[in-house]
Each structure stands twice: as C-alpha cells, then as structure tokens.
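Visitor: Compact mmCIF, C-alpha atoms and all ligand atoms, file data_17.txt:
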```
# COMPACT_ATOMS: atom_id res chain seq x y z
CA MET M 1 23.36 -15.58 19.23
CA SER M 2 20.51 -14.21 21.27
CA ASN M 3 17.32 -16.18 21.61
CA ARG M 4 15.59 -13.62 23.73
CA PRO M 5 12.52 -12.20 22.03
CA PHE M 6 12.43 -8.41 21.85
CA ARG M 7 10.49 -5.67 20.16
CA PHE M 8 11.18 -2.28 18.72
CA VAL M 9 9.29 0.47 16.90
CA HIS M 10 10.39 1.61 13.44
CA ALA M 11 9.24 5.05 12.26
CA GLY M 12 10.37 7.98 10.13
CA ASP M 13 9.36 10.85 7.89
CA PHE M 14 7.53 12.74 10.64
CA HIS M 15 8.07 15.94 8.62
CA LEU M 16 6.95 18.12 11.49
CA GLU M 17 7.44 21.12 9.19
CA LEU M 18 4.73 19.92 6.82
CA PRO M 19 1.02 20.20 7.68
CA PRO M 20 -1.45 18.23 5.53
CA GLN M 21 -2.40 20.01 2.31
CA GLY M 22 -4.56 19.53 -0.71
CA LEU M 23 -7.96 20.86 0.33
CA ALA M 24 -9.04 23.84 -1.77
CA GLU M 25 -10.50 25.29 1.39
CA ILE M 26 -10.01 23.97 4.92
CA PRO M 27 -13.27 24.31 6.83
CA ASP M 28 -12.91 26.32 10.05
CA HIS M 29 -13.70 23.43 12.37
CA LEU M 30 -10.84 21.35 10.89
CA ARG M 31 -8.21 24.09 10.79
CA GLU M 32 -6.67 23.32 14.18
CA LEU M 33 -6.55 19.63 13.32
CA PHE M 34 -4.64 20.37 10.11
CA VAL M 35 -2.12 22.59 11.86
CA GLU M 36 -1.49 20.04 14.62
CA ALA M 37 -1.74 16.77 12.66
CA ALA M 38 1.98 16.17 12.06
CA TYR M 39 2.82 16.73 15.74
CA ALA M 40 -0.13 14.67 16.97
CA ALA M 41 0.87 11.73 14.78
CA ALA M 42 4.51 11.94 15.90
CA GLU M 43 3.45 12.08 19.54
CA ARG M 44 1.34 8.95 19.08
CA THR M 45 4.41 7.22 17.69
CA PHE M 46 6.31 7.91 20.93
CA LYS M 47 3.28 6.83 22.97
CA THR M 48 3.21 3.57 21.02
CA VAL M 49 6.81 2.88 22.02
CA LEU M 50 5.83 3.18 25.69
CA ALA M 51 2.47 1.42 25.42
CA GLU M 52 4.02 -1.56 23.62
CA GLU M 53 6.95 -1.59 26.04
CA ALA M 54 9.36 -1.63 23.13
CA ASP M 55 13.05 -2.10 23.88
CA PHE M 56 14.04 0.77 21.59
CA LEU M 57 12.93 3.11 18.83
CA VAL M 58 14.50 3.23 15.38
CA LEU M 59 14.05 6.47 13.39
CA ALA M 60 14.92 6.45 9.68
CA GLY M 61 15.17 10.17 8.96
CA ASP M 62 13.18 13.21 7.81
CA LEU M 63 11.78 13.88 11.27
CA LEU M 64 11.83 17.64 10.88
CA HIS M 65 13.34 20.51 8.97
CA PRO M 66 14.51 22.56 11.96
CA GLY M 67 14.76 25.75 9.89
CA GLN M 68 11.11 25.48 8.90
CA THR M 69 9.56 24.31 12.18
CA GLY M 70 11.37 26.96 14.21
CA PRO M 71 12.24 26.04 17.81
CA ARG M 72 8.93 24.24 18.28
CA GLY M 73 10.11 21.21 16.30
CA PRO M 74 13.34 20.45 18.18
CA LEU M 75 11.76 21.30 21.55
CA PHE M 76 8.92 18.89 20.85
CA LEU M 77 11.31 16.08 19.94
CA GLN M 78 13.52 16.81 22.96
CA GLU M 79 10.49 16.42 25.23
CA GLN M 80 9.44 13.16 23.57
CA PHE M 81 12.99 11.76 23.75
CA ARG M 82 13.07 12.63 27.46
CA ARG M 83 9.85 10.69 28.02
CA LEU M 84 11.54 7.62 26.57
CA ALA M 85 14.70 8.29 28.61
CA GLU M 86 12.65 8.18 31.81
CA ARG M 87 11.74 4.60 30.91
CA ASP M 88 15.27 3.69 29.74
CA VAL M 89 14.25 3.40 26.11
CA ASP M 90 17.00 4.11 23.58
CA VAL M 91 16.52 5.93 20.28
CA TYR M 92 18.56 5.21 17.13
CA TRP M 93 18.23 8.02 14.62
CA ALA M 94 19.64 8.08 11.09
CA GLY M 95 19.24 11.52 9.49
CA GLY M 96 17.50 11.87 6.14
CA ARG M 97 17.09 14.58 3.54
CA VAL M 98 15.87 17.40 5.80
CA ASP M 99 17.46 16.39 9.12
CA PRO M 100 21.21 15.81 8.73
CA PRO M 101 22.87 15.74 12.18
CA ASP M 102 24.32 19.24 11.81
CA ALA M 103 20.87 20.76 11.24
CA TRP M 104 19.91 20.17 14.87
CA PRO M 105 20.23 23.43 16.85
CA ALA M 106 23.20 23.29 19.22
CA ALA M 107 21.30 25.18 21.91
CA ILE M 108 18.80 22.33 22.38
CA ALA M 109 20.55 19.38 24.00
CA LEU M 110 19.67 15.87 22.87
CA PRO M 111 19.10 13.52 25.82
CA GLU M 112 21.68 10.76 26.27
CA ASN M 113 19.37 7.96 25.18
CA VAL M 114 19.42 9.36 21.62
CA HIS M 115 22.11 7.99 19.29
CA VAL M 116 22.42 9.99 16.09
CA PHE M 117 24.30 8.17 13.35
CA PRO M 118 27.07 10.13 11.66
CA GLN M 119 26.86 11.30 8.07
CA GLY M 120 28.70 9.32 5.44
CA VAL M 121 30.28 6.73 7.76
CA VAL M 122 28.36 3.66 8.91
CA GLU M 123 28.39 3.17 12.69
CA GLN M 124 27.69 -0.14 14.49
CA LEU M 125 26.14 -0.17 17.93
CA THR M 126 25.07 -3.07 20.10
CA HIS M 127 21.79 -2.76 21.94
CA GLN M 128 21.81 -4.55 25.30
CA ARG M 129 19.17 -5.50 27.83
CA ASP M 130 20.52 -6.30 31.31
CA ASP M 131 24.05 -6.39 29.84
CA VAL M 132 23.05 -9.07 27.33
CA PRO M 133 23.29 -8.10 23.64
CA LEU M 134 19.86 -8.13 21.95
CA ALA M 135 20.64 -6.69 18.55
CA GLN M 136 23.19 -4.92 16.46
CA VAL M 137 22.03 -1.55 15.14
CA ILE M 138 23.97 -0.32 12.11
CA GLY M 139 23.24 3.10 10.71
CA VAL M 140 24.32 6.12 8.77
CA SER M 141 22.81 9.54 8.21
CA ARG M 142 22.13 10.31 4.60
CA ASP M 143 24.89 11.89 2.61
CA ARG M 144 23.56 14.31 -0.01
CA ARG M 145 25.68 12.84 -2.78
CA ARG M 146 24.78 9.18 -2.36
CA THR M 147 22.06 6.61 -2.48
CA ILE M 148 22.31 3.78 0.08
CA ARG M 149 25.73 2.13 -0.14
CA THR M 150 24.67 -1.38 0.75
CA ALA M 151 28.26 -2.67 0.74
CA ASP M 152 28.93 -0.64 3.92
CA PHE M 153 26.47 -2.79 5.88
CA ALA M 154 27.51 -6.18 7.22
CA PRO M 155 25.71 -8.42 9.73
CA ASP M 156 27.23 -9.41 13.06
CA PRO M 157 29.64 -12.35 12.50
CA GLY M 158 28.32 -13.98 15.70
CA GLY M 159 24.78 -14.08 14.30
CA LEU M 160 23.30 -11.41 16.57
CA PHE M 161 20.10 -9.97 15.07
CA SER M 162 21.15 -7.06 12.82
CA ILE M 163 19.13 -3.94 12.03
CA ALA M 164 20.28 -1.45 9.39
CA VAL M 165 18.86 2.07 9.73
CA VAL M 166 19.15 4.25 6.67
CA HIS M 167 17.25 6.82 4.62
CA GLY M 168 17.01 6.47 0.85
CA ASN M 169 16.56 3.99 -1.96
CA ALA M 170 18.34 0.82 -2.96
CA ASP M 171 17.78 -2.15 -5.18
CA PRO M 172 15.91 -4.83 -3.15
CA ALA M 173 18.08 -7.67 -4.49
CA THR M 174 21.23 -5.86 -3.34
CA LEU M 175 19.72 -5.24 0.10
CA GLN M 176 18.78 -8.90 0.37
CA SER M 177 22.29 -10.03 -0.51
CA ARG M 178 23.85 -8.40 2.58
CA GLY M 179 22.49 -10.82 5.21
CA ILE M 180 21.02 -8.00 7.33
CA HIS M 181 17.97 -9.27 9.26
CA TYR M 182 15.96 -6.06 9.16
CA TRP M 183 16.42 -3.01 6.91
CA ALA M 184 14.75 -0.10 8.74
CA LEU M 185 14.32 2.24 5.78
CA GLY M 186 13.08 5.80 5.54
CA GLY M 187 12.28 8.27 2.79
CA ARG M 188 8.96 7.00 1.45
CA HIS M 189 5.77 8.55 2.79
CA GLY M 190 3.62 5.55 1.97
CA ARG M 191 4.04 2.27 3.80
CA ASN M 192 6.02 -0.19 1.72
CA THR M 193 7.65 -3.57 2.30
CA LEU M 194 10.34 -4.54 -0.22
CA PHE M 195 10.67 -8.12 1.06
CA SER M 196 9.55 -9.87 4.20
CA SER M 197 10.85 -13.40 4.49
CA PRO M 198 13.10 -14.51 6.03
CA GLN M 199 14.70 -11.05 6.10
CA VAL M 200 12.75 -7.80 6.02
CA ALA M 201 13.24 -4.48 4.21
CA HIS M 202 10.52 -2.04 5.12
CA TYR M 203 9.46 1.62 4.89
CA PRO M 204 6.92 2.49 7.61
CA GLY M 205 5.84 5.65 5.74
CA SER M 206 4.96 8.92 7.38
CA PRO M 207 2.84 8.65 10.54
CA GLN M 208 0.48 11.21 8.97
CA GLY M 209 -0.83 11.34 5.38
CA ARG M 210 -0.48 14.78 3.82
CA ARG M 211 -2.54 14.65 0.62
CA ALA M 212 -5.45 12.80 -0.98
CA GLU M 213 -2.85 10.66 -2.78
CA GLU M 214 -1.54 9.47 0.61
CA HIS M 215 -4.84 7.83 1.48
CA GLY M 216 -5.46 5.04 3.95
CA ALA M 217 -4.06 4.44 7.42
CA HIS M 218 -0.65 5.90 8.32
CA GLY M 219 1.39 4.95 11.34
CA CYS M 220 4.54 3.39 12.68
CA THR M 221 5.68 -0.23 12.57
CA LEU M 222 5.99 -2.48 15.58
CA VAL M 223 8.63 -5.15 14.99
CA GLN M 224 8.54 -8.23 17.21
CA VAL M 225 11.51 -10.56 16.97
CA ASP M 226 10.70 -14.05 18.22
CA GLY M 227 12.97 -16.55 19.98
CA GLN M 228 14.09 -17.96 16.61
CA GLY M 229 15.21 -14.53 15.45
CA ASN M 230 12.34 -14.01 12.99
CA PRO M 231 10.95 -10.47 12.72
CA HIS M 232 7.18 -9.90 12.54
CA THR M 233 5.90 -6.45 11.57
CA SER M 234 2.57 -4.80 12.26
CA LEU M 235 1.11 -1.37 11.60
CA VAL M 236 0.12 0.79 14.55
CA PRO M 237 -2.00 3.67 13.17
CA THR M 238 -1.01 7.10 14.48
CA ASP M 239 -2.62 9.50 12.01
CA ALA M 240 -4.77 12.33 13.33
CA ILE M 241 -6.70 12.75 10.12
CA ARG M 242 -7.09 10.21 7.33
CA TRP M 243 -7.73 10.52 3.61
CA LEU M 244 -9.98 7.96 1.98
CA ASN M 245 -10.82 7.44 -1.68
CA GLU M 246 -14.28 5.99 -2.07
CA ARG M 247 -15.68 4.75 -5.37
CA VAL M 248 -19.43 4.31 -5.72
CA VAL M 249 -20.87 2.52 -8.74
CA VAL M 250 -24.25 3.54 -10.16
CA ASP M 251 -26.33 1.84 -12.87
CA GLU M 252 -29.18 2.58 -15.29
CA GLU M 253 -31.72 2.65 -12.47
CA THR M 254 -29.89 4.91 -10.03
CA GLY M 255 -31.85 8.07 -9.24
CA ARG M 256 -31.05 10.85 -6.81
CA ASP M 257 -32.57 9.08 -3.80
CA ASP M 258 -30.75 5.87 -4.67
CA LEU M 259 -27.45 7.71 -4.89
CA GLU M 260 -28.12 9.28 -1.50
CA THR M 261 -28.77 5.82 -0.07
CA LEU M 262 -25.57 4.43 -1.60
CA LEU M 263 -23.52 7.29 -0.16
CA ARG M 264 -25.19 7.02 3.23
CA GLU M 265 -24.56 3.27 3.47
CA ARG M 266 -20.93 3.66 2.48
CA MET M 267 -20.50 6.49 4.96
CA HIS M 268 -21.86 4.35 7.78
CA THR M 269 -19.44 1.56 6.89
CA LEU M 270 -16.53 4.03 6.98
CA LEU M 271 -17.60 5.42 10.36
CA GLU M 272 -17.88 1.90 11.75
CA ASN M 273 -14.43 0.96 10.46
CA CYS M 274 -12.74 4.18 11.62
CA PRO M 275 -14.63 5.17 14.75
CA ARG M 276 -12.05 7.41 16.38
CA ILE M 277 -10.42 9.36 13.60
CA ASP M 278 -11.43 12.35 11.49
CA LEU M 279 -11.78 11.48 7.83
CA LEU M 280 -11.35 13.36 4.55
CA ILE M 281 -13.18 11.59 1.78
CA SER M 282 -12.72 11.95 -1.98
CA TRP M 283 -15.74 10.41 -3.70
CA THR M 284 -15.67 9.03 -7.21
CA ILE M 285 -18.94 8.11 -8.89
CA ALA M 286 -18.56 5.49 -11.60
CA GLY M 287 -20.86 3.33 -13.68
CA THR M 288 -23.55 3.65 -16.32
CA GLY M 289 -26.94 5.24 -16.84
CA PRO M 290 -27.94 8.90 -16.68
CA MET M 291 -26.49 9.62 -13.22
CA PRO M 292 -22.84 10.29 -14.24
CA GLY M 293 -24.06 12.82 -16.79
CA ARG M 294 -26.40 14.49 -14.31
CA LEU M 295 -23.52 14.84 -11.85
CA ARG M 296 -21.08 16.15 -14.45
CA ARG M 297 -23.31 19.04 -15.45
CA GLY M 298 -25.73 21.06 -13.40
CA THR M 299 -25.88 21.41 -9.64
CA LEU M 300 -26.65 17.88 -8.44
CA GLY M 301 -22.98 17.15 -7.66
CA ASP M 302 -22.67 20.26 -5.48
CA GLU M 303 -25.97 19.49 -3.77
CA MET M 304 -24.81 15.97 -2.91
CA LEU M 305 -21.52 17.29 -1.59
CA GLY M 306 -23.31 19.90 0.52
CA TRP M 307 -25.67 17.26 1.92
CA LEU M 308 -22.79 14.90 2.80
CA ARG M 309 -20.94 17.70 4.55
CA SER M 310 -23.84 18.93 6.63
CA GLU M 311 -24.89 15.38 7.54
CA TYR M 312 -21.49 13.89 8.41
CA GLY M 313 -18.83 16.61 8.16
CA TYR M 314 -18.94 17.98 11.68
CA GLY M 315 -18.62 14.87 13.79
CA PRO M 316 -17.25 13.98 16.14
CA PRO M 317 -15.44 12.38 14.49
CA ALA M 318 -15.77 14.54 11.40
CA ALA M 319 -16.13 12.74 8.08
CA TRP M 320 -15.54 15.62 5.70
CA SER M 321 -16.30 15.01 2.04
CA ALA M 322 -13.49 16.81 0.23
CA SER M 323 -14.77 16.25 -3.29
CA LEU M 324 -17.27 14.37 -5.40
CA ASP M 325 -16.19 13.63 -8.96
CA VAL M 326 -17.40 11.51 -11.80
CA GLU M 327 -14.90 8.92 -12.94
CA PRO M 328 -13.49 9.96 -16.29
CA SER M 329 -14.02 6.89 -18.44
CA ALA M 330 -10.94 5.99 -20.37
CA ALA M 331 -12.73 5.72 -23.70
CA MET M 332 -16.08 6.38 -25.33
CA PRO M 333 -17.81 3.40 -26.95
CA PRO M 334 -16.22 3.24 -30.43
CA GLU M 335 -19.58 3.12 -32.24
CA TRP M 336 -20.37 6.66 -31.02
CA TYR M 337 -17.62 7.91 -33.30
CA GLU M 338 -19.16 6.22 -36.33
CA GLN M 339 -22.74 7.45 -35.95
CA GLU M 340 -24.20 10.03 -38.37
CA THR M 341 -25.47 12.26 -35.58
CA ILE M 342 -24.51 15.66 -34.25
CA ARG M 343 -22.82 13.82 -31.39
CA GLY M 344 -20.85 11.75 -33.90
CA ASP M 345 -19.75 14.90 -35.77
CA TYR M 346 -18.77 16.52 -32.51
CA LEU M 347 -16.70 13.56 -31.30
CA ARG M 348 -14.93 13.27 -34.64
CA ALA M 349 -14.03 16.96 -34.44
CA ILE M 350 -12.65 16.52 -30.92
CA ARG M 351 -10.67 13.49 -32.02
CA GLN M 352 -8.90 15.57 -34.68
CA PHE M 353 -7.48 17.70 -31.87
CA GLN M 354 -6.62 14.66 -29.76
CA VAL M 355 -4.71 12.95 -32.55
CA ASN M 356 -2.98 16.05 -33.96
CA SER M 357 -1.33 17.31 -30.83
CA ASP M 358 0.26 20.27 -32.68
CA GLU M 359 -3.04 21.74 -33.82
CA PRO M 360 -3.65 24.84 -31.69
CA LEU M 361 -6.78 24.88 -29.54
CA ASP M 362 -7.33 28.64 -29.66
CA LEU M 363 -9.81 28.59 -26.82
CA GLU M 364 -9.60 32.34 -26.38
CA ALA M 365 -11.76 32.83 -29.44
CA TYR M 366 -14.66 31.17 -27.59
CA VAL M 367 -14.39 33.18 -24.41
CA ALA M 368 -15.85 36.65 -23.99
CA GLU M 369 -13.19 39.35 -23.91
CA ALA M 370 -14.08 40.44 -20.40
CA HIS M 371 -13.39 36.90 -19.16
CA VAL M 372 -10.05 36.50 -20.93
CA ALA M 373 -8.74 39.45 -18.97
CA GLY M 374 -10.29 38.20 -15.74
CA THR M 375 -10.52 34.92 -13.88
CA LEU M 376 -10.88 32.73 -16.95
CA GLY M 377 -7.63 34.03 -18.45
CA PRO M 378 -5.31 31.41 -16.97
CA ALA M 379 -7.87 28.66 -17.62
CA VAL M 380 -7.89 29.13 -21.38
CA ALA M 381 -4.11 29.09 -21.63
CA VAL M 382 -3.75 25.31 -21.85
CA ALA M 383 -0.17 24.68 -20.79
CA GLY M 384 1.17 21.20 -21.53
CA GLN M 385 0.09 18.06 -23.34
CA THR M 386 -1.40 16.56 -20.17
CA ASP M 387 -3.53 19.67 -19.75
CA ARG M 388 -4.52 19.61 -23.39
CA GLN M 389 -5.62 15.98 -23.28
CA ARG M 390 -7.59 16.56 -20.08
CA VAL M 391 -9.40 19.56 -21.54
CA LEU M 392 -10.25 17.60 -24.68
CA ARG M 393 -11.49 14.61 -22.69
CA GLU M 394 -13.70 16.81 -20.55
CA ALA M 395 -14.96 18.66 -23.62
CA ALA M 396 -15.83 15.32 -25.23
CA TRP M 397 -17.85 14.21 -22.20
CA LEU M 398 -19.55 17.57 -21.86
CA GLY M 399 -20.60 17.34 -25.49
CA VAL M 400 -21.84 13.80 -25.00
CA ASP M 401 -23.85 14.85 -21.97
CA LEU M 402 -25.43 17.78 -23.79
CA LEU M 403 -26.05 16.01 -27.10
CA SER M 404 -27.26 12.64 -25.84
CA GLY M 405 -30.54 13.74 -24.28
CA GLU M 406 -32.03 12.53 -21.04
CA GLU M 407 -33.06 9.03 -22.15
CA GLY M 408 -29.58 7.62 -22.06
CA GLN M 409 -26.31 7.61 -23.90
CA SER M 410 -26.59 4.60 -26.13
MN MN C 501 10.57 12.32 3.63
```
Can the structure from this file be put into structure tokens for me?
Ligand SMILES: [Mn+2]
Guide:
Amino acid sequence: MSNRPFRFVHAGDFHLELPPQGLAEIPDHLRELFVEAAYAAAERTFKTVLAEEADFLVLAGDLLHPGQTGPRGPLFLQEQFRRLAERDVDVYWAGGRVDPPDAWPAAIALPENVHVFPQGVVEQLTHQRDDVPLAQVIGVSRDRRRTIRTADFAPDPGGLFSIAVVHGNADPATLQSRGIHYWALGGRHGRNTLFSSPQVAHYPGSPQGRRAEEHGAHGCTLVQVDGQGNPHTSLVPTDAIRWLNERVVVDEETGRDDLETLLRERMHTLLENCPRIDLLISWTIAGTGPMPGRLRRGTLGDEMLGWLRSEYGYGPPAAWSASLDVEPSAAMPPEWYEQETIRGDYLRAIRQFQVNSDEPLDLEAYVAEAHVAGTLGPAVAVAGQTDRQRVLREAAWLGVDLLSGEEGQS
C-alpha cells in the first residue's frame, strides 16, 4: 500500500466537434469566441495538468468526434499530449460514445505517454513514480451495446489506490459495492458527484458549457490523494465563455429606473465574481406589481435588453445579455377565475381549452390570411400538448395584462 500523496486531473466530454449553441443570433464580436470555445477550454485542461504538476491525466471519453472535427481535432490533441509527454505526464483515456479507439485516424500517431483502453475488455495498468506504484488505473472504452459493467472492475488486492475510468451510467449503489477508490466517470456534461466519502464516483462534466441549460462554471477536476489514501476533489474552471441564469425580483413599487438599478447592481456583482471570463446572461424577472406586465407587453423588455447589451455587452470581458424574460407564474390567483368581470370570463374560456385537451384551438381563424401563408404559418400550427399548454398559458397572461388595467392586477 502506497502512502505517498499524489494528484491527478480528471476530465472528459471535451466534444471538440461541438461549439456552444443556443443564441438566436451570435453578435459579431463574440463569433470567434464561440467557434474557439471548445478548443480553448480543452487547452486549459491540459495547462491545468502542468500548472498543478499532476502525476497523470485521466480522460473519461467523448473528447472529439474525429469525423466531425476534421484533422484539426486529432492534431490538436496530439500536440497537447506531446506537451504532457515532454514533462513525463501519462494520459489514461477511456473512449466514450463519439471517440471509440478505432475512430482515431491511423495517420496521426498518438505519443507513447497516451494509454487508450480497449473496447469491451477492462484493462488494468499500474501507474508508477520513480519505480514505486502510486495507483492502479483500470479502464475500458465504451462498448456500444452496454452500460457500465461494474462487475468487471476490482480493486488491487494489495490495497493500492484504485481508479476506474469509464464512460456511461451505472447505479451508484453498485459502483460503491466494488471497493474502487475513485470512479472517474464520463458522459455527463454537467458536473456531478454520485458519492464522495470514503470512496468517490464523479463526473467532471464538459470543460465548456454549450447551452443556457449548462449554466455555471465548467472545468476539470483536480484529485489530490493524501497520505491516508483519501481522495479530495476540486473544480478548476476552464470554460472560455459562461452561461448564467439570473433571477431578479420586483415588487409593487418597482419602476423603470428601479429595475435598471437592480439589473446594474446584479451585473456589477457578476463582473466582480467572474472578472476574467466572458458571460452570457439569461435574465428572468419575477415578482409582483405592474412591472412583469409592462415587460411582457410593449417595448420595455427590448429596451432594457438593448441597454444592458450596450452598457456591458462589449467588455472586456463581455457580459452579453442573451435574453430577458418574465417568469411564467405557475398559476393565477384562484379568485380571478371566480370574478364576474371580463377578465374572469376570459380566464374561464381559456381554462376550457386547458382542461379539454382534445378541443381544437383553431388559431388560424384569428390570423389574417396573408400571415397564415407567411411567417406566422408555422406559429399557428400548435404541435404537441406541451406547445398547446404554453400557448394557452401565454394567452392567459396576455389577457390578464390587457384586461387588468394599469393600477394593478388584484
Ligand atoms: Mn458526451
């Protein structure tokens, strides 16, 4: 049993073939950043290995789809692997969904410090420092037909620290039962720890978020194993651009200037917390009073978005406001449905459509013929139930906004 402390970096899901998406329109000054983000984040992962003087790097699959990156992907990785080779740092790579070992182009040689695990058969390697074993690294590249076969993984009988590298899903209890010290998992793009004491099973996530849903910091995981053989994990951010979801709450008193102040204060906090990274921010305005209604209809929402962009969107670093939406409240106050008002009639009519999901909406009848043929055509063809419920919810709020008057919605 080794009592020498050591450290390694655990990363995966680079997806070099996949630039960030999900902006309706990428502003010109951020275009280059979008195109390069996946590579920049991967490169920072390799730099982290060197900066932290890690003993080795563990890669849990989905690094690249070589068919989709073209030669740039493999050539980039080859160069990064060589950088680690110059410092005698080994790489343990278990292939995932898009990077099985046979997908790597034969013409681009992998440096000797890179150990690619075979597909379908678990391989055990011993990592040594100065001829003394530090850890056992057990891995397999993903086989298309299988989820993780936990029974194939067994810890070192001599008690050497064991690391299992594999891409896919497995039941946490089954993973825990194997006695492996550290499960280096891949295949989830968000950071996720299944269990952390005394053993660890962990997904580091992709080093770069791709969509608004993948918000927050992305990076790789530095694992430090102490003299007692306990692993400690920490996030090292590597993302080149970061999505944030920001929720701002307004009240009865909030006017336009107050909203501007709220947004400005929040923006300054974000810039203080993330001083060196470009940000993409999805704003959600929640709360009570007239402000949500004013933002839902009319031009105030667009004006606020335009102001945020011109004030903060160009950086450096750029803090680009991607969207500004009003939080769709889950339910209207029930008494609104009971009232003998036009609003009450309207809400009761909408509810008929919400409850009777088979009743056709027939929106086309309300749209001018010229529009049905043109851009509004697809919009009136409400496809599924989710679509239908969303349209009805929005229609309900629009009606409430228009029928409630300016002095409030009580
Ligand atoms: Mn993946």
Visitor: Box along x, y and z, 4 Å on every side, all listed atoms of range 150-164 of chain M inside: centre and edge lengths in Å to one decimal, as JSON.
Guide:
```
{"center_x": 24.4, "center_y": -7.4, "center_z": 8.7, "size_x": 18.5, "size_y": 21.4, "size_z": 23.8}
```
Visitor: Considering all atoms listed in the file, state which residue in the set M:Thr238, M:Thr269, M:Asn169, M:Ser321 is at the smallest distance from ligand MN 501 (chain C).
Guide: M:Asn169
Visitor: Using all atoms listed in the file, find each protein or nucleic acid residue lying at most 6 Å from ligand MN 501 (chain C); present the set as a list in words.
Guide: Asp13, Asp62, Gly187 and Arg188 of chain M
Visitor: Which one is closest to Ala37 in chain M: M:Leu271, M:Leu16, M:Ala170, M:Val49? Count all atoms listed in the file.
Guide: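 Answer, going by the shortest atom-to-atom distance: M:Leu16.
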Visitor: Looking at M:Phe117, M:Tyr312, M:Phe34, M:Phe14, which one is nearest to Gly186 in chain M, with distances taken over only C-alpha atoms?
Guide: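 Of the candidates, the smallest distance to Gly186 in chain M is held by M:Phe14.
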Visitor: If you count only C-alpha atoms, which residues fall within 10 Å of range 344-353 of chain M, apart from same-chain ones fewer than 3 positions away, as a PyMOL selection string?
Guide: chain M and resi 332+335-341+356-361+388-389+392-393+395-397+399-400+403
Visitor: Around the point (18.1, -3.1, 8.1) in the file's coordinates, collect all residues with an atom within 6 Å, using only C-alpha atoms, and return them as an MDAnalysis selection string.
Guide: chainID M and resid 163:165 180 182:184
